[in-house]
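Undergrad: Dropping in my_file39.cif, with mmCIF, C-alpha atoms and all ligand atoms.
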data_structure
loop_
_atom_site.label_atom_id
_atom_site.label_comp_id
_atom_site.auth_asym_id
_atom_site.auth_seq_id
_atom_site.Cartn_x
_atom_site.Cartn_y
_atom_site.Cartn_z
CA MET J 1 -7.16 -0.31 29.06
CA CYS J 2 -7.62 -3.45 31.02
CA SER J 3 -11.17 -3.04 32.24
CA ARG J 4 -13.66 -5.49 30.82
CA THR J 5 -17.22 -5.02 29.81
CA GLU J 6 -19.86 -7.71 29.91
CA SER J 7 -21.93 -8.09 26.79
CA GLY J 8 -24.34 -10.90 27.52
CA SER J 9 -22.07 -13.81 28.35
CA LEU J 10 -19.28 -12.42 26.15
CA ARG J 11 -16.24 -10.92 27.77
CA LEU J 12 -14.97 -8.29 25.41
CA PRO J 13 -12.14 -5.87 26.12
CA THR J 14 -12.54 -2.10 26.26
CA TYR J 15 -12.62 -0.74 22.74
CA PRO J 16 -8.99 0.37 22.49
CA TRP J 17 -9.37 3.41 20.26
CA ASP J 18 -11.63 4.87 22.95
CA THR J 19 -8.60 5.04 25.23
CA LEU J 20 -6.93 7.47 22.80
CA THR J 21 -9.63 10.15 23.17
CA GLU J 22 -7.57 12.33 25.51
CA TYR J 23 -4.55 12.24 23.18
CA ARG J 24 -6.73 12.97 20.18
CA ALA J 25 -8.02 16.10 21.93
CA ARG J 26 -4.46 17.13 22.78
CA ALA J 27 -3.28 16.60 19.22
CA GLN J 28 -6.28 18.47 17.85
CA ALA J 29 -5.30 21.49 19.94
CA HIS J 30 -2.14 21.95 17.86
CA PRO J 31 -2.33 25.35 16.09
CA ASP J 32 -1.78 23.69 12.70
CA GLY J 33 -4.31 20.94 13.44
CA LEU J 34 -4.29 17.19 13.94
CA VAL J 35 -2.24 14.74 11.90
CA ASP J 36 -4.01 11.45 12.46
CA LEU J 37 -1.64 8.52 11.96
CA SER J 38 -3.49 6.25 14.36
CA ILE J 39 -6.15 3.96 12.92
CA GLY J 40 -4.88 3.83 9.36
CA THR J 41 -8.04 4.61 7.48
CA PRO J 42 -7.53 5.38 3.77
CA VAL J 43 -7.92 9.06 2.84
CA ASP J 44 -7.29 9.13 -0.91
CA PRO J 45 -10.23 9.02 -3.31
CA VAL J 46 -11.90 5.79 -4.36
CA PRO J 47 -10.52 5.29 -7.90
CA ALA J 48 -12.91 6.41 -10.66
CA VAL J 49 -13.02 2.94 -12.24
CA ILE J 50 -14.39 1.54 -8.98
CA GLN J 51 -16.90 4.32 -8.39
CA ALA J 52 -18.16 3.87 -11.95
CA ALA J 53 -18.64 0.12 -11.47
CA LEU J 54 -20.54 0.70 -8.23
CA ALA J 55 -22.79 3.29 -9.87
CA ALA J 56 -23.42 1.10 -12.92
CA ALA J 57 -24.62 -1.71 -10.63
CA SER J 58 -26.82 0.48 -8.46
CA ASP J 59 -30.04 -0.89 -9.98
CA SER J 60 -29.80 -4.20 -8.12
CA PRO J 61 -33.28 -5.15 -6.90
CA GLY J 62 -32.62 -8.88 -6.44
CA TYR J 63 -30.63 -10.74 -3.78
CA PRO J 64 -26.96 -11.09 -4.64
CA LEU J 65 -25.15 -14.43 -4.61
CA THR J 66 -23.54 -15.19 -1.24
CA HIS J 67 -20.87 -17.05 -3.17
CA GLY J 68 -20.18 -13.89 -5.21
CA SER J 69 -20.95 -13.29 -8.85
CA PRO J 70 -19.04 -15.42 -11.39
CA GLU J 71 -17.38 -12.18 -12.58
CA LEU J 72 -16.12 -11.36 -9.11
CA ARG J 73 -14.77 -14.85 -8.46
CA ALA J 74 -13.06 -14.87 -11.86
CA ALA J 75 -11.55 -11.46 -11.05
CA VAL J 76 -10.15 -12.81 -7.76
CA VAL J 77 -8.61 -15.83 -9.49
CA GLY J 78 -7.17 -13.54 -12.19
CA TRP J 79 -5.72 -11.09 -9.68
CA LEU J 80 -4.10 -13.77 -7.51
CA ALA J 81 -2.56 -15.36 -10.61
CA ARG J 82 -1.45 -12.11 -12.24
CA ARG J 83 -0.10 -10.29 -9.22
CA HIS J 84 0.85 -13.08 -6.85
CA GLY J 85 1.64 -16.11 -9.00
CA VAL J 86 -1.12 -18.27 -7.49
CA THR J 87 -2.02 -21.19 -9.73
CA GLY J 88 -4.62 -23.91 -9.46
CA LEU J 89 -7.29 -21.86 -7.70
CA ALA J 90 -10.81 -22.65 -8.93
CA PRO J 91 -13.41 -19.85 -8.92
CA ASP J 92 -15.58 -22.02 -6.65
CA ALA J 93 -12.87 -21.78 -3.99
CA VAL J 94 -13.44 -18.03 -3.59
CA LEU J 95 -15.94 -16.37 -1.28
CA PRO J 96 -16.55 -12.62 -0.82
CA THR J 97 -16.76 -11.18 2.70
CA ILE J 98 -18.17 -7.96 4.11
CA GLY J 99 -14.67 -6.58 4.60
CA SER J 100 -12.10 -8.89 6.15
CA LYS J 101 -12.66 -7.82 9.76
CA GLU J 102 -16.12 -9.37 9.74
CA PHE J 103 -14.65 -12.65 8.52
CA ILE J 104 -11.76 -12.63 10.98
CA GLY J 105 -14.07 -11.95 13.91
CA GLY J 106 -16.38 -14.75 12.78
CA LEU J 107 -14.06 -17.47 11.48
CA PRO J 108 -13.63 -19.58 14.64
CA ARG J 109 -17.37 -19.66 15.04
CA LEU J 110 -18.03 -20.35 11.36
CA LEU J 111 -15.66 -23.31 11.64
CA GLY J 112 -17.64 -24.58 14.61
CA LEU J 113 -14.79 -24.15 17.10
CA GLY J 114 -15.71 -23.75 20.73
CA ALA J 115 -14.83 -24.54 24.31
CA GLY J 116 -11.54 -26.31 24.81
CA GLU J 117 -10.31 -25.67 21.28
CA LEU J 118 -7.25 -23.56 20.67
CA VAL J 119 -6.89 -20.75 18.18
CA VAL J 120 -3.31 -19.58 17.73
CA TYR J 121 -2.41 -16.08 16.55
CA PRO J 122 0.81 -14.02 16.51
CA GLU J 123 2.17 -12.51 19.72
CA LEU J 124 1.92 -9.04 18.27
CA ALA J 125 -1.33 -9.11 16.39
CA TYR J 126 -4.35 -7.44 14.93
CA PRO J 127 -6.74 -7.78 17.88
CA THR J 128 -9.71 -9.14 15.97
CA TYR J 129 -8.14 -12.61 15.95
CA ASP J 130 -8.66 -12.64 19.70
CA VAL J 131 -12.16 -11.22 19.41
CA GLY J 132 -13.09 -14.08 17.08
CA VAL J 133 -11.86 -16.53 19.71
CA ARG J 134 -14.00 -14.89 22.36
CA LEU J 135 -17.09 -14.81 20.15
CA ALA J 136 -16.71 -18.56 19.58
CA GLY J 137 -16.03 -19.34 23.24
CA ALA J 138 -12.77 -20.99 22.19
CA GLU J 139 -9.35 -20.47 23.73
CA GLY J 140 -6.76 -18.08 22.28
CA TRP J 141 -3.00 -18.58 22.32
CA ALA J 142 -0.65 -15.79 21.27
CA ALA J 143 2.48 -17.56 20.03
CA ASP J 144 4.96 -17.08 17.23
CA SER J 145 6.26 -20.60 17.53
CA LEU J 146 4.05 -23.64 17.18
CA THR J 147 6.46 -25.86 19.08
CA ALA J 148 5.49 -24.07 22.33
CA ILE J 149 1.98 -25.47 22.01
CA GLY J 150 2.88 -29.10 22.61
CA PRO J 151 0.29 -31.83 22.16
CA ARG J 152 -2.81 -29.66 22.68
CA ARG J 153 -5.53 -29.80 20.05
CA VAL J 154 -5.45 -26.73 17.81
CA GLY J 155 -8.42 -25.81 15.63
CA LEU J 156 -7.09 -22.79 13.78
CA VAL J 157 -3.80 -20.96 13.28
CA TRP J 158 -3.75 -17.34 12.14
CA ILE J 159 -0.74 -16.00 10.30
CA ASN J 160 -0.37 -12.42 9.10
CA SER J 161 2.34 -11.52 6.62
CA PRO J 162 2.98 -8.65 6.02
CA ALA J 163 2.05 -8.15 9.64
CA ASN J 164 0.07 -5.50 11.40
CA PRO J 165 1.53 -3.81 13.44
CA THR J 166 5.17 -4.75 12.79
CA GLY J 167 5.31 -4.81 9.00
CA ARG J 168 7.25 -8.06 9.20
CA VAL J 169 7.27 -10.39 6.21
CA LEU J 170 7.47 -14.15 6.76
CA PRO J 171 9.60 -15.97 4.16
CA SER J 172 7.94 -18.72 2.13
CA GLU J 173 10.12 -21.33 3.85
CA HIS J 174 8.66 -20.35 7.22
CA LEU J 175 5.10 -20.30 5.87
CA ARG J 176 5.63 -23.70 4.29
CA LYS J 177 6.62 -25.19 7.65
CA ILE J 178 3.48 -23.83 9.28
CA VAL J 179 1.31 -25.29 6.53
CA ALA J 180 3.04 -28.67 6.78
CA TRP J 181 2.61 -28.69 10.58
CA ALA J 182 -1.08 -27.87 10.17
CA ARG J 183 -1.71 -30.49 7.51
CA GLU J 184 -0.13 -33.19 9.64
CA ARG J 185 -2.66 -32.39 12.37
CA ASP J 186 -5.57 -31.41 10.14
CA VAL J 187 -5.55 -27.85 11.48
CA VAL J 188 -6.85 -24.90 9.44
CA VAL J 189 -4.30 -22.18 8.60
CA ALA J 190 -5.87 -18.80 7.89
CA SER J 191 -3.42 -16.36 6.37
CA ASP J 192 -4.44 -12.72 6.69
CA GLU J 193 -2.83 -11.23 3.60
CA CYS J 194 -4.50 -7.86 3.44
CA TYR J 195 -1.16 -6.03 2.95
CA LEU J 196 0.22 -8.43 0.34
CA GLU J 197 0.62 -5.72 -2.32
CA LEU J 198 2.53 -3.39 -0.01
CA GLY J 199 6.00 -4.93 0.12
CA TRP J 200 8.78 -2.32 0.38
CA GLU J 201 12.00 -4.04 1.35
CA GLY J 202 10.57 -7.55 1.53
CA THR J 203 8.58 -9.57 -1.01
CA PRO J 204 5.45 -10.95 0.63
CA VAL J 205 4.16 -14.28 -0.62
CA SER J 206 0.65 -15.70 -0.46
CA VAL J 207 -0.03 -18.90 1.44
CA LEU J 208 -1.67 -20.10 -1.78
CA HIS J 209 1.58 -19.77 -3.74
CA GLU J 210 3.05 -23.08 -4.80
CA SER J 211 6.27 -22.36 -2.87
CA VAL J 212 4.21 -22.43 0.33
CA SER J 213 1.24 -24.66 -0.42
CA GLY J 214 3.01 -27.20 -2.59
CA GLY J 215 0.44 -26.53 -5.28
CA ARG J 216 -2.56 -27.84 -3.30
CA HIS J 217 -4.81 -25.74 -1.12
CA ASP J 218 -6.09 -28.18 1.46
CA ASN J 219 -6.21 -26.76 5.01
CA VAL J 220 -5.34 -23.22 3.92
CA LEU J 221 -7.39 -20.06 3.59
CA ALA J 222 -6.04 -16.74 2.29
CA VAL J 223 -7.94 -13.75 3.67
CA HIS J 224 -7.89 -10.56 1.60
CA SER J 225 -9.20 -7.03 1.72
CA LEU J 226 -9.67 -4.28 -0.82
CA SER J 227 -9.74 -1.60 1.90
CA LYS J 228 -6.11 -0.59 1.53
CA ARG J 229 -5.17 -1.71 -1.98
CA SER J 230 -8.08 0.08 -3.59
CA ASN J 231 -9.21 2.62 -0.93
CA MET J 232 -12.43 0.65 -0.49
CA ALA J 233 -12.63 0.56 3.32
CA GLY J 234 -15.97 2.35 3.10
CA TYR J 235 -17.38 -0.29 0.75
CA ARG J 236 -16.59 -3.21 3.12
CA ALA J 237 -15.00 -5.44 0.51
CA GLY J 238 -12.96 -8.53 1.20
CA PHE J 239 -12.74 -12.17 0.23
CA VAL J 240 -11.34 -15.50 1.28
CA ALA J 241 -9.91 -18.14 -1.05
CA GLY J 242 -8.28 -21.53 -0.68
CA ASP J 243 -9.31 -25.03 0.36
CA PRO J 244 -12.42 -25.83 -1.75
CA ALA J 245 -13.94 -28.02 0.98
CA LEU J 246 -13.50 -25.34 3.64
CA ILE J 247 -14.89 -22.66 1.35
CA ALA J 248 -17.93 -24.87 0.68
CA ARG J 249 -18.49 -25.25 4.43
CA LEU J 250 -18.14 -21.52 5.03
CA LEU J 251 -20.44 -20.76 2.14
CA GLU J 252 -23.13 -23.01 3.54
CA VAL J 253 -23.12 -21.23 6.91
CA ARG J 254 -22.95 -17.79 5.34
CA ARG J 255 -25.90 -18.55 3.06
CA HIS J 256 -27.99 -19.59 6.05
CA ALA J 257 -26.93 -16.55 8.05
CA GLY J 258 -27.37 -14.00 5.24
CA MET J 259 -23.75 -12.86 5.24
CA ILE J 260 -23.89 -11.44 1.73
CA VAL J 261 -21.82 -8.76 0.03
CA PRO J 262 -24.16 -6.27 -1.71
CA ALA J 263 -24.33 -6.66 -5.50
CA PRO J 264 -23.02 -3.14 -6.33
CA VAL J 265 -20.05 -3.75 -4.03
CA GLN J 266 -19.39 -7.08 -5.73
CA ALA J 267 -19.35 -5.28 -9.08
CA ALA J 268 -17.01 -2.62 -7.71
CA MET J 269 -14.70 -5.32 -6.32
CA ALA J 270 -14.52 -7.07 -9.67
CA ALA J 271 -13.57 -3.79 -11.34
CA ALA J 272 -10.96 -3.04 -8.68
CA LEU J 273 -9.33 -6.46 -8.99
CA ALA J 274 -9.18 -6.22 -12.76
CA ASP J 275 -7.33 -2.90 -12.64
CA ASP J 276 -3.73 -2.58 -11.46
CA THR J 277 -3.16 1.04 -12.49
CA HIS J 278 -4.91 2.56 -9.50
CA ALA J 279 -3.26 0.08 -7.11
CA ASP J 280 0.21 0.99 -8.41
CA LEU J 281 -0.57 4.68 -8.06
CA GLN J 282 -1.78 4.20 -4.49
CA ARG J 283 1.30 2.17 -3.69
CA ASP J 284 3.51 4.99 -4.98
CA ARG J 285 1.67 7.44 -2.73
CA TYR J 286 2.29 5.26 0.30
CA ALA J 287 5.93 4.74 -0.67
CA ALA J 288 6.53 8.50 -0.76
CA ARG J 289 4.76 9.06 2.56
CA ARG J 290 6.65 6.20 4.11
CA ALA J 291 10.03 7.58 3.02
CA ALA J 292 9.22 11.06 4.34
CA LEU J 293 7.85 9.83 7.67
CA ARG J 294 10.61 7.33 8.20
CA ALA J 295 13.29 9.99 7.78
CA ALA J 296 11.44 12.38 10.10
CA VAL J 297 10.76 9.92 12.92
CA THR J 298 14.36 8.74 12.74
CA ALA J 299 15.52 12.36 13.03
CA ALA J 300 13.22 12.70 16.03
CA GLY J 301 14.99 9.84 17.81
CA PHE J 302 12.83 6.82 16.99
CA ARG J 303 14.22 3.53 15.77
CA VAL J 304 12.06 1.92 13.09
CA GLU J 305 11.93 -1.87 13.37
CA HIS J 306 10.75 -4.40 10.76
CA SER J 307 8.29 -2.35 8.69
CA GLU J 308 9.63 -3.92 5.50
CA ALA J 309 6.06 -4.12 4.19
CA GLY J 310 2.56 -2.96 4.99
CA LEU J 311 0.95 0.30 5.84
CA TYR J 312 2.69 1.26 9.08
CA LEU J 313 6.00 2.12 10.68
CA TRP J 314 6.66 0.20 13.90
CA MET J 315 9.01 2.22 16.03
CA THR J 316 10.43 2.79 19.47
CA ARG J 317 12.42 5.27 21.50
CA ASP J 318 13.01 2.65 24.18
CA GLU J 319 10.40 4.17 26.45
CA ASP J 320 6.88 3.24 27.47
CA CYS J 321 4.58 3.48 24.45
CA TRP J 322 2.26 5.90 26.24
CA ALA J 323 5.15 8.32 26.77
CA SER J 324 5.72 8.29 23.00
CA VAL J 325 1.99 8.70 22.34
CA ALA J 326 1.87 11.69 24.68
CA ALA J 327 5.00 13.32 23.24
CA LEU J 328 3.73 12.96 19.68
CA ALA J 329 0.25 14.19 20.67
CA ASP J 330 1.93 17.38 21.89
CA LEU J 331 3.17 17.81 18.32
CA GLY J 332 -0.38 17.31 17.06
CA ILE J 333 0.41 13.78 15.79
CA LEU J 334 -1.83 10.93 16.90
CA VAL J 335 -0.37 7.41 16.81
CA ALA J 336 -1.29 3.96 18.14
CA PRO J 337 0.40 2.64 21.29
CA GLY J 338 2.07 -0.71 20.69
CA SER J 339 0.34 -2.20 23.72
CA PHE J 340 -2.85 -2.35 21.65
CA TYR J 341 -1.27 -5.29 19.83
CA GLY J 342 0.14 -7.33 22.69
CA PRO J 343 2.42 -7.00 25.73
CA ARG J 344 5.51 -7.16 23.55
CA GLY J 345 4.42 -3.88 21.99
CA ALA J 346 4.59 -1.97 25.28
CA ARG J 347 7.61 0.08 24.21
CA HIS J 348 6.65 0.70 20.58
CA VAL J 349 4.21 2.86 18.72
CA ARG J 350 2.67 2.29 15.30
CA ILE J 351 2.23 5.09 12.82
CA ALA J 352 0.06 4.73 9.74
CA LEU J 353 0.97 5.98 6.28
CA THR J 354 -2.65 6.89 5.62
CA ALA J 355 -2.70 10.68 5.83
CA THR J 356 -2.84 13.08 2.91
CA ASP J 357 0.45 14.37 1.48
CA GLU J 358 -0.33 17.73 3.06
CA ARG J 359 -0.82 16.21 6.54
CA VAL J 360 2.25 14.01 6.17
CA ALA J 361 4.29 17.10 5.23
CA ALA J 362 2.94 18.85 8.34
CA ALA J 363 3.96 15.93 10.55
CA VAL J 364 7.40 15.78 8.97
CA ALA J 365 7.97 19.51 9.50
CA ARG J 366 6.92 19.29 13.14
CA LEU J 367 9.06 16.26 13.85
CA ILE J 368 12.12 17.81 12.28
CA GLU J 369 11.65 21.31 13.73
CA GLN J 370 10.69 20.29 17.22
CA THR J 371 12.96 17.38 17.84
CA GLY J 372 14.28 19.13 20.93
CA ASP J 373 10.82 19.02 22.53
CA LEU J 374 10.61 15.27 22.29
CA VAL J 375 12.74 14.51 25.33
CA PRO J 376 11.16 11.64 27.24
CA HIS J 377 11.08 13.17 30.73
CA GLY J 378 8.18 15.63 30.66
CA GLU J 379 5.72 15.47 33.53
CA GLN J 380 2.82 14.84 31.20
CA ARG J 381 4.61 11.89 29.70
CA GLU J 382 5.23 10.36 33.09
CA ALA J 383 1.55 10.84 33.88
CA ALA J 384 0.56 9.14 30.63
CA VAL J 385 2.68 6.11 31.45
CA GLU J 386 1.27 5.85 34.96
CA LYS J 387 -2.30 6.15 33.77
CA HIS J 388 -2.02 3.31 31.27
CA ARG J 389 0.08 1.00 33.39
CA PRO J 390 -1.63 -2.41 33.31
CA PRO J 391 -2.45 -3.97 36.69
CA ASP J 392 -0.06 -6.76 37.64
CA HIS J 393 -0.78 -10.18 36.17
CA ASP J 394 -3.46 -8.84 33.92
CA GLN J 395 -4.60 -10.28 30.61
CA PRO J 396 -2.09 -9.91 27.77
CA ALA J 397 -2.55 -6.66 25.95
CA ALA J 398 -3.12 -8.56 22.69
CA SER J 399 -6.57 -9.36 23.90
CA GLU J 400 -7.20 -5.81 25.05
CA ALA J 401 -6.41 -4.33 21.83
CA ASP J 402 -7.54 -2.42 18.81
CA LEU J 403 -10.79 -3.93 17.70
CA ALA J 404 -11.10 -1.51 14.86
CA ARG J 405 -8.02 -2.20 12.82
C1 LIG J 501 -4.12 -7.29 9.68
C2 LIG J 501 -5.47 -6.76 9.34
N1 LIG J 501 -6.42 -7.62 8.97
C3 LIG J 501 -7.65 -7.20 8.65
C4 LIG J 501 -7.98 -5.86 8.68
C5 LIG J 501 -9.41 -5.47 8.37
O1 LIG J 501 -9.56 -4.82 7.18
P1 LIG J 501 -10.98 -4.67 6.50
O2 LIG J 501 -12.03 -5.11 7.45
O3 LIG J 501 -11.09 -3.23 6.18
O4 LIG J 501 -10.95 -5.54 5.28
C6 LIG J 501 -7.02 -4.93 9.02
C7 LIG J 501 -7.36 -3.53 9.05
O5 LIG J 501 -6.59 -2.66 9.28
C8 LIG J 501 -5.74 -5.39 9.38
O6 LIG J 501 -4.78 -4.56 9.74
#
For the structure just supplied, provide its representation as structure tokens.
TA:
Amino acid sequence: MCSRTESGSLRLPTYPWDTLTEYRARAQAHPDGLVDLSIGTPVDPVPAVIQAALAAASDSPGYPLTHGSPELRAAVVGWLARRHGVTGLAPDAVLPTIGSKEFIGGLPRLLGLGAGELVVYPELAYPTYDVGVRLAGAEGWAADSLTAIGPRRVGLVWINSPANPTGRVLPSEHLRKIVAWARERDVVVASDECYLELGWEGTPVSVLHESVSGGRHDNVLAVHSLSKRSNMAGYRAGFVAGDPALIARLLEVRRHAGMIVPAPVQAAMAAALADDTHADLQRDRYAARRAALRAAVTAAGFRVEHSEAGLYLWMTRDEDCWASVAALADLGILVAPGSFYGPRGARHVRIALTATDERVAAAVARLIEQTGDLVPHGEQREAAVEKHRPPDHDQPAASEADLAR
């Protein structure tokens, strides 16, 4: 996990999902086949309304607008108002992205951050925040509390609610304090809100909501994705919205660099954002899978923590995460080790809700039937822990982690 590869002058971590290959093979050897709950890639069909919009826009010979079509930007404004109570957002303050991962990995650089400038992201975090820091040559700081940072100059703060991997929801009061702190210092707050529609026990709120932003959007950017809401991961469809001056700056760079969302995808995004029926249906599917998996993993001895929103269950059996990964792989179930997301995840695993109902039912049956096999002392489990033990004083696992999700 902790080896580093040189890519020009960039120091990038080992691609984390590659370290799961052995467990994937083990899980695939299960007589009833693999249940892949690792990466969290959507498996349900792209809704017909979206496919139709893509097809109808397939005759697109000209260059699309980097800023996004007026229809798409109006659809974003409409969706944020209708579903998330965001007011006062002008269509000009919206910018489509080629999925949100591309934007997250590029934001520090697009903002012109570099050596000596700090980018703060959560202690347990989606690893692409750290990758963006590395690509810009800036300095990353994994911290959940801004007071720990002291007087150092911060260029960008990432927040992520609902969070990957923990499913934690930050209350608007907390978000408001972060925004106020950032405005006082003229720091950009980027809020990764790609799971905003997937609140289960908590009610996620956008950074653009008046209760957080105070009704003005200076210094804040909300980063969104249609990958999960609308099963559009294969389309690469995301957008960012917020501070009009920041959006104008980002647009200028993206126009120069050719970072343009294809016109048929823009049309499909507009259709997806205008339609809530498919999103509600997809949400119901995830709710049912979540309930079934939660009961089964609990029966199998795991304790689910946070997970009040989002697309994952964050759980522990109070053992090294690789022991849990190995034990579950023996049941044919592939999950993500918590260490992918930071050192504090070393005793957790993350399971995704993105498998078909049939595969989820298979996982549930195996977990319930074979609970007795999941004792944490098998030789193979010990070997798994030893193999993935980080060298002493190594880089935090947050910066080693999951570049794909
Ligand atoms: C927190 C978070 N942000 C961003 C992404 C990237 O999503 P996409 O690039 O598909 O929009 C993911 C993907 O899983 C994620 O978990």
Undergrad: So how many Å separate atom CA of J:Gln266 and atom CA of J:Ala309, to one decimal?
TA: 27.5 Å
Undergrad: Pick the closest to ligand LIG 501 (chain J) from J:Pro171, J:Pro127, J:Gly242, J:Gly99: which is it, counting only C-alpha atoms and all ligand atoms?
TA: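 Going through J:Pro171, J:Pro127, J:Gly242, J:Gly99 one by one, the smallest distance to ligand LIG 501 (chain J) is for J:Gly99.
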Undergrad: Looking at J:Gly68, J:Pro244, J:Gly332, J:Gly301, which one is nearest to J:Ala90, with distances taken over only C-alpha atoms?
TA: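 Result for the nearest residue to J:Ala90: J:Pro244.
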Undergrad: Could you tell me, counting only C-alpha atoms and all ligand atoms, which protein and nucleic acid residues lie no more than 7 Å from ligand LIG 501 (chain J), written as number ranges by chain?
TA: J: 40, 99-102, 126, 160, 163-164, 192, 194, 224-227, 233, 236-238, 405
Undergrad: Keeping C-alpha atoms, export the residues of the selection given above as a short mmCIF file (atom, residue, chain, number, x, y, z; two decimals), keeping the file's coordinate frame.
TA:
data_model
loop_
_atom_site.label_atom_id
_atom_site.label_comp_id
_atom_site.auth_asym_id
_atom_site.auth_seq_id
_atom_site.Cartn_x
_atom_site.Cartn_y
_atom_site.Cartn_z
CA GLY J 40 -4.88 3.83 9.36
CA GLY J 99 -14.67 -6.58 4.60
CA SER J 100 -12.10 -8.89 6.15
CA LYS J 101 -12.66 -7.82 9.76
CA GLU J 102 -16.12 -9.37 9.74
CA TYR J 126 -4.35 -7.44 14.93
CA ASN J 160 -0.37 -12.42 9.10
CA ALA J 163 2.05 -8.15 9.64
CA ASN J 164 0.07 -5.50 11.40
CA ASP J 192 -4.44 -12.72 6.69
CA CYS J 194 -4.50 -7.86 3.44
CA HIS J 224 -7.89 -10.56 1.60
CA SER J 225 -9.20 -7.03 1.72
CA LEU J 226 -9.67 -4.28 -0.82
CA SER J 227 -9.74 -1.60 1.90
CA ALA J 233 -12.63 0.56 3.32
CA ARG J 236 -16.59 -3.21 3.12
CA ALA J 237 -15.00 -5.44 0.51
CA GLY J 238 -12.96 -8.53 1.20
CA ARG J 405 -8.02 -2.20 12.82
#
Undergrad: To one decimal place, how far is atom CA of J:Leu20 from atom CA of J:Asp36 in Å?
TA: 11.5 Å
Undergrad: For J:Gln282, which residue among J:Thr203, J:Ser339, J:Thr354, J:Thr298 is the nearest when counting all atoms listed in the file?
TA: J:Thr354
Undergrad: Quick one: residues within 8 Å of J:Leu170, only C-alpha atoms, excluding same-chain residues fewer than 5 positions away - as a list in words?
TA: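 Listed by chain and then number, they are Ser161, Pro162, Leu175 and Pro204 of chain J.
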Undergrad: Counting all atoms listed in the file, which of J:Ile333, J:Met232, J:Ala81, J:Ala55 gets nearest to J:Ala363?
TA: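 Selected residue with least distance to J:Ala363: J:Ile333.
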Undergrad: Any idea what's packed within 10 Å of J:Arg183, counting all atoms listed in the file, ignoring anything in its chain fewer than 6 positions away? Could you give it as JSON, numbers by chain?
TA: {"J": [177, 189, 218, 219, 220]}
Undergrad: Rounded to one decimal, what separation in Å do you get between atom CA of J:His306 and atom CA of J:Arg176?
TA: 21.0 Å
Undergrad: Name all residues at most 8 Å from J:Ala27 (count all atoms listed in the file; drop same-chain ones fewer than 5 positions away) and give them as a JSON list (two decimals) with C-alpha atoms, in the coordinates of the input.
TA:
[["chain", "number", "residue", "atom", "x", "y", "z"],
["J", 33, "GLY", "CA", -4.31, 20.94, 13.44],
["J", 34, "LEU", "CA", -4.29, 17.19, 13.94],
["J", 35, "VAL", "CA", -2.24, 14.74, 11.90],
["J", 328, "LEU", "CA", 3.73, 12.96, 19.68],
["J", 329, "ALA", "CA", 0.25, 14.19, 20.67],
["J", 330, "ASP", "CA", 1.93, 17.38, 21.89],
["J", 331, "LEU", "CA", 3.17, 17.81, 18.32],
["J", 332, "GLY", "CA", -0.38, 17.31, 17.06],
["J", 333, "ILE", "CA", 0.41, 13.78, 15.79],
["J", 334, "LEU", "CA", -1.83, 10.93, 16.90]]
Undergrad: Go through J:Val43, J:Val157, J:Ala29, J:Ala142 one by one, measure the shortest atom-to-atom distance of each to J:Thr356 using all atoms listed in the file, and give the residue with the smallest value.
TA: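 Counting all atoms listed in the file, the residue closest to J:Thr356 is J:Val43.
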Undergrad: Env of J:Gly112: 10 Å cut, atoms = all atoms listed in the file, seq-sep filter 2 positions within chain, self excluded. Answer as a count of residues only.
TA: 9
Undergrad: Using all atoms listed in the file, which protein or nucleic acid residues come within 8 Å of stretch 149-154 of chain J? Drop anything in the same chain fewer than 2 positions from it, and give the result as a PyMOL selection string.
TA: chain J and resi 117-120+145-147+156-157+187
Undergrad: Could you write out that same residue set with C-alpha atoms as a PDB file, in the coordinates of the input?
TA:
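Saved as result-v4.pdb:
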ATOM      1  CA  GLU J 117     -10.310 -25.670  21.280  1.00  0.00           C
ATOM      2  CA  LEU J 118      -7.250 -23.560  20.670  1.00  0.00           C
ATOM      3  CA  VAL J 119      -6.890 -20.750  18.180  1.00  0.00           C
ATOM      4  CA  VAL J 120      -3.310 -19.580  17.730  1.00  0.00           C
ATOM      5  CA  SER J 145       6.260 -20.600  17.530  1.00  0.00           C
ATOM      6  CA  LEU J 146       4.050 -23.640  17.180  1.00  0.00           C
ATOM      7  CA  THR J 147       6.460 -25.860  19.080  1.00  0.00           C
ATOM      8  CA  LEU J 156      -7.090 -22.790  13.780  1.00  0.00           C
ATOM      9  CA  VAL J 157      -3.800 -20.960  13.280  1.00  0.00           C
ATOM     10  CA  VAL J 187      -5.550 -27.850  11.480  1.00  0.00           C
TER      11      VAL J 187
END
Undergrad: Which is closest to J:Pro122 among J:Thr97, J:Gln28, J:Ala362, J:Pro343, if we use only C-alpha atoms?
TA: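 Ranking J:Thr97, J:Gln28, J:Ala362, J:Pro343 by distance to J:Pro122, first place goes to J:Pro343.
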Undergrad: Report the closest atom pair, with its distance in Å rounded to one decimal, for each residue of stretch 40-79 of chain J that has an atom no farther than 10 Å from stretch 245-260 of chain J; count all atoms listed in the file, sort by chain and then rising residue number, and write it as a Markdown table.
TA:
| residue | atom | partner | partner_atom | distance |
| --- | --- | --- | --- | --- |
| J:Tyr63 | CA | J:Ile260 | CA | 8.7 |
| J:Pro64 | CA | J:Ile260 | CA | 7.1 |
| J:Leu65 | CA | J:Ile260 | CA | 7.1 |
| J:Thr66 | CA | J:Ile260 | CA | 4.8 |
| J:His67 | CA | J:Leu251 | CA | 6.5 |
| J:Gly68 | CA | J:Ile260 | CA | 8.2 |
Undergrad: Within 12 Å of (-16.2, 6.9, -5.7), only C-alpha atoms: residues as a list in words?
TA: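 Final list of nearby residues, as requested, is Asp44, Pro45, Val46, Pro47, Ala48, Val49, Ile50, Gln51, Ala52, Ala53, Leu54, Ala55, Ala56, Ser230, Asn231, Met232, Ala233, Gly234, Tyr235, Val265, Ala268 and Ala272 of chain J.
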